[in-house]
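**Q** Below are the structure tokens for one structure; questions will follow.
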Amino acid sequence: MMQQPRRLLLACSVVFVALLTSCASSPAELTPVSIQLSWEHTIEFSGFQIAERDGLYTQNGLQAELRSAFNAEGEFVAAISSVLSGEADFGVASSYDLMSARAQSQPLVAVAAIYQRSPITLISLAETGILIPQDLVGKTVTVSGSVAVYFNALLKNVGIDSGLVNITGENSFSLEPLLSGEIDAYGAYITNQPSVLKRQGIAYNLIVFADYAVDGYSNVIFVTEDTLANRPEMVEGFLRATFSGFQSALNDPERAAALSVEYNSQLLYEDELANMLASVPLLHPADSDIGMMTPELWALGFTILRDADVLPDEFDVTQSYTLDFLNAIYNR
């Protein structure tokens, strides 16, 4: 009769320990953070996807929510406005958009770069013989938005009068005008459209803007000045987890591609793998670290936008970014 209470006491102890263990690992103790991506889930966000799937955020005390740029109703959600409103803690945007926002007195600051080299390119069918910018004279080229600004900078850098190129801003985000011969070249990203042509067995040529000193950050991770001032530990933890995620993507491109397809069933594995391989020199250039930014590339980006009258002469580009977290993470 005396053994029954002992068994009961032991059972209660086991339950109590289990409850303590459950509470210790409860998500309630994790700091919730949200990340507004600049587009739908693709391989360019593989580091975030892996960090979430592998628990890298939770290891850094965070409960992360990755948000596609398209909400449940299919409406586009801009990262800039989402972070400014407090709807998201982190955002992903181009340095073009970030500097444009700061020029309008918006308190946003870049803390890391996903792509350290611009992925912007002109893609043309091999049969057109367009290999260098000089081959564009007399040709029809479709560029739109910020890509048009960078394209004009490219023409200026190589000494081509923009009036000698038939530039159209109409862009349906489709390769059909290129394939039909309606246009000769199309403003694209080396991490996107080329893989579609490759899969279809269509030969193409690329003119990569960065090869002609037209460069900038297409994807930077940014926060508000308030977040920088009041939640620096959270920012550092988030970056450490995200960088580890991107390192895993670089180590295993096949897994990264498969995971992106899991996050977005509209994607094709073959395309995402090709895009991941094309991303490698952008994500981790030689003599650099994942996420790194440089004052020189920010200055170049500013110069391009200033010369295009997108930014004023007095704009202080150094206020658009901070290297503090990168220096801390990499002991620089």
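Ordering of the structure tokens sets the chain letters (A, B, ...); residue numbers start at 1 within each chain; ligands are numbered from 1 in the order shown.
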Do you know which residues are at most 12 Å from Arg102 in chain A counting only C-alpha atoms, after dropping those on the same chain fewer than 3 positions away, and could you put them as a ChimeraX atom specification?
**A** /A:80,84,95-99,105-110,222,224-225,302,310-312,315-321
**Q** Write out as an MDAnalysis selection string which residues come within 9 Å of Glu40 in chain A when counting only C-alpha atoms, dropping same-chain ones fewer than 4 positions away.
**A** chainID A and resid 67:70 264
**Q** Nearest to Leu277 in chain A among A:Ser85, A:Pro232, A:Pro194, A:Asp215, with distances taken over only C-alpha atoms: which residue is it?
**A**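 Smallest separation from Leu277 in chain A among the options: A:Pro194.
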**Q** Would you please extract all strand (DSSP E or B) residues from range 61-231 of chain A, as assigned by DSSP on the backbone, and give them as a count of residues only?
**A** 45
**Q** Counting only C-alpha atoms, what is within 12 Å of Val77 in chain A, bar same-chain residues fewer than 3 positions away, as a tab-separated table (two decimals) with N, CA and C atoms, in the first residue's frame?
**A**
chain	number	residue	atom	x	y	z
A	35	ILE	N	9.55	39.63	-41.39
A	35	ILE	CA	10.40	40.05	-42.50
A	35	ILE	C	9.54	40.20	-43.74
A	36	GLN	N	9.45	41.43	-44.25
A	36	GLN	CA	8.69	41.67	-45.47
A	36	GLN	C	9.63	41.55	-46.67
A	37	LEU	N	9.43	40.51	-47.46
A	37	LEU	CA	10.26	40.28	-48.63
A	37	LEU	C	9.87	41.24	-49.75
A	38	SER	N	10.74	41.38	-50.72
A	38	SER	CA	10.49	42.31	-51.82
A	38	SER	C	9.74	41.67	-52.98
A	39	TRP	N	9.60	40.36	-52.93
A	39	TRP	CA	8.90	39.65	-53.99
A	39	TRP	C	8.34	38.37	-53.41
A	40	GLU	N	7.71	37.56	-54.25
A	40	GLU	CA	7.22	36.28	-53.77
A	40	GLU	C	8.42	35.38	-53.44
A	67	ARG	N	7.29	36.98	-44.89
A	67	ARG	CA	6.10	37.43	-45.61
A	67	ARG	C	6.41	37.67	-47.08
A	68	SER	N	5.66	36.99	-47.93
A	68	SER	CA	5.75	37.23	-49.36
A	68	SER	C	5.29	38.65	-49.66
A	69	ALA	N	5.72	39.19	-50.78
A	69	ALA	CA	5.30	40.54	-51.17
A	69	ALA	C	3.85	40.57	-51.62
A	70	PHE	N	3.24	39.40	-51.74
A	70	PHE	CA	1.83	39.34	-52.13
A	70	PHE	C	1.02	38.72	-51.00
A	71	ASN	N	0.04	39.48	-50.52
A	71	ASN	CA	-0.75	39.00	-49.39
A	71	ASN	C	-1.79	37.97	-49.84
A	72	ALA	N	-2.64	37.56	-48.92
A	72	ALA	CA	-3.61	36.50	-49.21
A	72	ALA	C	-4.58	36.90	-50.32
A	73	GLU	N	-4.79	38.20	-50.49
A	73	GLU	CA	-5.69	38.69	-51.54
A	73	GLU	C	-4.96	38.90	-52.86
A	74	GLY	N	-3.66	38.60	-52.89
A	74	GLY	CA	-2.90	38.79	-54.10
A	74	GLY	C	-2.42	40.21	-54.32
A	80	ILE	N	9.09	48.80	-48.01
A	80	ILE	CA	9.38	50.12	-47.44
A	80	ILE	C	8.23	50.59	-46.56
A	81	SER	N	7.03	50.58	-47.09
A	81	SER	CA	5.87	51.05	-46.33
A	81	SER	C	5.53	50.12	-45.18
A	82	SER	N	5.76	48.83	-45.37
A	82	SER	CA	5.46	47.86	-44.33
A	82	SER	C	6.33	48.07	-43.10
A	83	VAL	N	7.62	48.32	-43.31
A	83	VAL	CA	8.53	48.55	-42.19
A	83	VAL	C	8.27	49.92	-41.56
A	85	SER	N	5.52	51.51	-41.33
A	85	SER	CA	4.27	51.49	-40.56
A	85	SER	C	4.36	50.63	-39.31
A	87	GLU	N	4.42	47.38	-39.45
A	87	GLU	CA	3.81	46.09	-39.75
A	87	GLU	C	4.87	44.99	-39.81
A	88	ALA	N	6.09	45.36	-40.21
A	88	ALA	CA	7.19	44.40	-40.29
A	88	ALA	C	8.41	44.99	-39.61
A	91	GLY	N	12.82	44.54	-43.63
A	91	GLY	CA	12.36	44.56	-45.00
A	91	GLY	C	13.50	44.25	-45.94
A	92	VAL	N	13.16	43.87	-47.15
A	92	VAL	CA	14.15	43.66	-48.20
A	92	VAL	C	13.78	44.58	-49.36
A	93	ALA	N	14.74	45.39	-49.79
A	93	ALA	CA	14.50	46.33	-50.89
A	93	ALA	C	15.82	46.63	-51.58
**Q** Which residue gives the smallest distance to Val149 in chain A among A:Leu259, A:Leu56, A:Ile120, A:Leu66, with only C-alpha atoms counted?
**A** A:Ile120
**Q** Counting only C-alpha atoms, figure out which residue out of A:Val223, A:Ala79, A:Asp287, A:Ala64 gets nearest to Gln49 in chain A.
**A**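 Of A:Val223, A:Ala79, A:Asp287, A:Ala64, the one nearest Gln49 in chain A, counting only C-alpha atoms, is A:Ala64.
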**Q** Among range 22-151 of chain A, which ones does DSSP assign to alpha helix (DSSP H) (computed from the backbone)? Answer as a ChimeraX atom specification.
**A** /A:22-24,46-53,56-59,79-84,95-103,146-151
**Q** Can you write just those residues out, C-alpha atoms, as a short mmCIF file (atom, residue, chain, number, x, y, z; two decimals), in the first residue's frame?
**A**
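And here's selection23.cif as it stands now:
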data_model
loop_
_atom_site.label_atom_id
_atom_site.label_comp_id
_atom_site.auth_asym_id
_atom_site.auth_seq_id
_atom_site.Cartn_x
_atom_site.Cartn_y
_atom_site.Cartn_z
CA SER A 22 7.99 22.36 -22.53
CA CYS A 23 7.81 25.84 -21.04
CA ALA A 24 11.55 26.38 -21.44
CA SER A 46 16.83 30.94 -49.73
CA GLY A 47 18.80 32.06 -46.67
CA PHE A 48 15.64 33.19 -44.90
CA GLN A 49 13.83 29.99 -45.87
CA ILE A 50 16.60 27.72 -44.58
CA ALA A 51 17.03 29.77 -41.40
CA GLU A 52 13.34 29.31 -40.66
CA ARG A 53 13.18 25.63 -41.63
CA LEU A 56 18.31 29.03 -36.90
CA TYR A 57 16.08 31.90 -35.88
CA THR A 58 14.84 30.09 -32.79
CA GLN A 59 18.45 29.31 -31.85
CA ALA A 79 8.58 46.42 -47.90
CA ILE A 80 9.38 50.12 -47.44
CA SER A 81 5.87 51.05 -46.33
CA SER A 82 5.46 47.86 -44.33
CA VAL A 83 8.53 48.55 -42.19
CA LEU A 84 7.76 52.26 -41.85
CA SER A 95 19.43 50.39 -52.50
CA TYR A 96 17.62 52.49 -55.13
CA ASP A 97 14.33 52.29 -53.21
CA LEU A 98 16.00 52.70 -49.83
CA MET A 99 17.93 55.83 -50.80
CA SER A 100 14.85 57.25 -52.51
CA ALA A 101 12.93 56.76 -49.24
CA ARG A 102 15.67 58.41 -47.19
CA ALA A 103 15.68 61.35 -49.60
CA SER A 146 14.94 51.53 -61.86
CA VAL A 147 16.46 49.27 -64.53
CA ALA A 148 15.92 52.10 -67.03
CA VAL A 149 17.94 54.44 -64.81
CA TYR A 150 20.82 51.98 -64.64
CA PHE A 151 20.60 51.30 -68.38
#
**Q** Compare A:Val137, A:Ala299, A:Ile190, A:Leu268 by their minimum atom-to-atom distance to Asp161 in chain A, counting only C-alpha atoms, and give me the closest one.
**A**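 Among the listed residues, A:Val137 lies closest to Asp161 in chain A.
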**Q** Quick one: everything within 6 Å of Tyr204 in chain A, counting only C-alpha atoms, minus sequence neighbours fewer than 2 positions away in the same chain. Send it as a list in words.
**A**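 Near Tyr204 in chain A, the qualifying residues are Ser124, Leu125 and Ala126 of chain A.
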**Q** Which is closer to Ala153 in chain A than all the others in A:Asp309, A:Glu44, A:Glu176, A:Glu75, using only C-alpha atoms?
**A**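 The shortest atom-to-atom distance to Ala153 in chain A comes from A:Asp309.
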